[in-house]
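Asker: Sharing a structure below in C-alpha cells format, with a few things to ask.
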Amino acid sequence: MSQLQATLVCALAAAGIDSPLPETRALLRHVLRLDWTGLVLAAGRRLTGPEAEQLDALLRRRLAREPLQHLLGEVEWGGLRLLVSPAALIPRPETESLLLLVLSELEGRLSPQVLDVGTGTGALALGIRAARPDAAVTASDVSREALALARRNAEQTGLEVRLVQSDLLENVAERFHLIVSNPPYLPGADRRDAQPEVNHDPDLALYSGPDGLDLARRLVTQVPTHLEAGGTLLLELDPRNVQVLAAEMTATGWTVRVHSDLNGRERFLWAQR
Ligand SMILES: C[S@@+](CC[C@H](N)C(=O)[O-])C[C@H]1O[C@@H](n2cnc3c(N)ncnc32)[C@H](O)[C@@H]1O
C-alpha cells in the first residue's frame with residue numbers, strides 16, 4: 001500500500017493539486033472504509049479488485065479536477081458531517097468563522113429567531129441549530145436543488161430547521177433577531193481565472209454582478225423590515241468588497257463593524273440599524 005500511496009501522491013501532485021498527501025489518504029480511507037488509524041494499520045495489505053477499480057475511477061475524476069469533496073460526497077464542517085453535491089456550494093472553512101460570529105452574537109439571547117439567507121447545503125443554519133437547540137432557525141435559498149440537499153442534511157443530522165424557497169426575502173414574512181448570509185459575492189469577471197474545482201460549484205452560488213455586490217446590496221435594502229428592534233445582520237463578503245459595502249451601509253444609517261477571517265483578511269460585516 002505504501003507504494004500505491006506514493007504513486008497516488010505523485011499523480012495528484014503532477015496534476016497541480018495542492019495537498020496531494022492528505023487527498024491520497026482521504027481517497028484511500030473512502031475506498032477502504034477506514035478511519036485514519038485503520039489506514040495506518042492497513043499499510044501492508046493489497047487492495048481487492050473492486051477496491052482498486054473504485055480507486056481508479058475516483059482518481060480519474062480527481063485528475064480531471066472534480067473537487068475531492070464531490071468524490072467523497074460529504075464534508076466535515078462546523079462539527080457536522082454534511083452531504084455535498086453539485087447542487088450547492090461546498091461549504092468553505094472561512095464560513096466557520098461566520099458561524100462563530102453568529103454564535104457569539106446570540107450569546108445571552110434565549111430562543112432567538114434566526115434566518116440564514118442562501119443556505120446552500122444548510123451549513124450555517126444547521127451549525128447554528130446544533131449549537132443552539134433553543135433557536136428557531138429558518139433557512140432560505142432561491143435554488144430548489146440546494147434546498148433539497150439542505151433538507152437531506154437536516155434529516156441526516158437530525159437537526160430541525162425550517163426551509164423556505166425564496167428570492168432573498170421575498171417569500172419571508174417574519175422578523176428575526178439575527179439574519180446571516182454568505183451570499184454569492186464574486187465579481188463576474190472572476191469566472192475567467194477560477195480554479196477548475198470552483199467551476200463545479202453552481203454559478204448561482206458564486207457570482208453576483210460586475211463588482212460582486214449585486215445580491216448583498218439588494219439584501220441590505222430588504223433586511224430592515226425583517227429585523228427585530230436591536231437585531232443584527234451578519235454577512236460574509238469578498239475581502240475586496242467589505243469596505244465598499246461598509247461605507248455604503250454607514251451612509252444609509254447602519255452601524256457597521258468589520259471582522260477578519262483566520263488569515264487576517266477583512267471578510268465579515270456585522271451591522272445594526
Ligand atoms: C455562497 S453560497 C452560500 C451557501 C451556504 N450558505 C454556505 O455558506 O456554504 C450562496 C447561496 O445563495 C443562494 N442564492 C443565490 N441567489 C439567491 C437569491 N436571489 N435568493 C436567495 N438565495 C440565493 C445560492 O443558491 C447559494 O446556495
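For the C-alpha cells, the naming scheme is as follows: chains receive sequential letters (A, B, ...) according to their order of presentation, residues are indexed from 1 within each chain, and ligands are indexed from 1 in presentation order.
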Compute the set of protein, DNA and RNA residues whose minimum atom distance to ligand 1 is at most 9 Å, using only C-alpha atoms and all ligand atoms, and state it as a PyMOL selection string.
Answerer: chain A and resi 87-92+94-96+98+116-125+139-147+165-170+180-186+201-208+215+218-219+236
Asker: DSSP on the backbone, helix (DSSP H, G or I) only: what residues of stretch 11-223 of chain A does that give? Format it as a PyMOL selection string.
Answerer: chain A and resi 11-14+20-32+36-44+49-63+68-72+94-106+123-131+144-157+188-193+196-200+203-206+214-223
Asker: Could you tell me how far atom CA of A:Glu266 lies from atom CA of A:Pro239, in Å and to one decimal?
Answerer: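 Atom CA of A:Glu266 sits 5.2 Å away from atom CA of A:Pro239.
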Asker: From stretch 93-161 of chain A, collect each residue whose DSSP state is strand (DSSP E) and return the set as a JSON list (two decimals) with N, CA, C and O atoms, in the first residue's frame.
Answerer:
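Result written to selection-v9.json:
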```json
[["chain", "number", "residue", "atom", "x", "y", "z"],
["A", 113, "GLN", "N", -34.75, 33.98, 17.14],
["A", 113, "GLN", "CA", -35.26, 33.66, 15.79],
["A", 113, "GLN", "C", -34.15, 34.05, 14.82],
["A", 113, "GLN", "O", -33.75, 35.22, 14.81],
["A", 114, "VAL", "N", -33.71, 33.07, 14.02],
["A", 114, "VAL", "CA", -32.55, 33.31, 13.15],
["A", 114, "VAL", "C", -32.90, 32.92, 11.72],
["A", 114, "VAL", "O", -33.58, 31.91, 11.49],
["A", 115, "LEU", "N", -32.41, 33.72, 10.77],
["A", 115, "LEU", "CA", -32.61, 33.41, 9.35],
["A", 115, "LEU", "C", -31.25, 33.31, 8.66],
["A", 115, "LEU", "O", -30.41, 34.21, 8.80],
["A", 116, "ASP", "N", -31.06, 32.24, 7.89],
["A", 116, "ASP", "CA", -29.86, 32.06, 7.05],
["A", 116, "ASP", "C", -30.30, 32.21, 5.60],
["A", 116, "ASP", "O", -31.02, 31.35, 5.07],
["A", 117, "VAL", "N", -29.87, 33.29, 4.96],
["A", 117, "VAL", "CA", -30.30, 33.57, 3.57],
["A", 117, "VAL", "C", -29.27, 32.98, 2.59],
["A", 117, "VAL", "O", -28.08, 33.30, 2.67],
["A", 136, "ALA", "N", -34.90, 29.12, 16.91],
["A", 136, "ALA", "CA", -35.79, 28.76, 15.80],
["A", 136, "ALA", "C", -35.09, 29.24, 14.53],
["A", 136, "ALA", "O", -34.92, 30.44, 14.32],
["A", 137, "VAL", "N", -34.65, 28.29, 13.72],
["A", 137, "VAL", "CA", -33.80, 28.64, 12.58],
["A", 137, "VAL", "C", -34.55, 28.42, 11.27],
["A", 137, "VAL", "O", -35.07, 27.34, 11.01],
["A", 138, "THR", "N", -34.59, 29.48, 10.45],
["A", 138, "THR", "CA", -35.15, 29.39, 9.11],
["A", 138, "THR", "C", -34.00, 29.47, 8.12],
["A", 138, "THR", "O", -33.08, 30.27, 8.31],
["A", 139, "ALA", "N", -34.05, 28.62, 7.09],
["A", 139, "ALA", "CA", -33.00, 28.61, 6.07],
["A", 139, "ALA", "C", -33.67, 28.81, 4.72],
["A", 139, "ALA", "O", -34.60, 28.08, 4.38],
["A", 140, "SER", "N", -33.21, 29.81, 3.96],
["A", 140, "SER", "CA", -33.85, 30.07, 2.67],
["A", 140, "SER", "C", -32.83, 29.96, 1.54],
["A", 140, "SER", "O", -31.62, 30.13, 1.75],
["A", 141, "ASP", "N", -33.33, 29.66, 0.36],
["A", 141, "ASP", "CA", -32.49, 29.67, -0.83],
["A", 141, "ASP", "C", -33.40, 29.83, -2.04],
["A", 141, "ASP", "O", -34.56, 29.39, -2.01]]
```
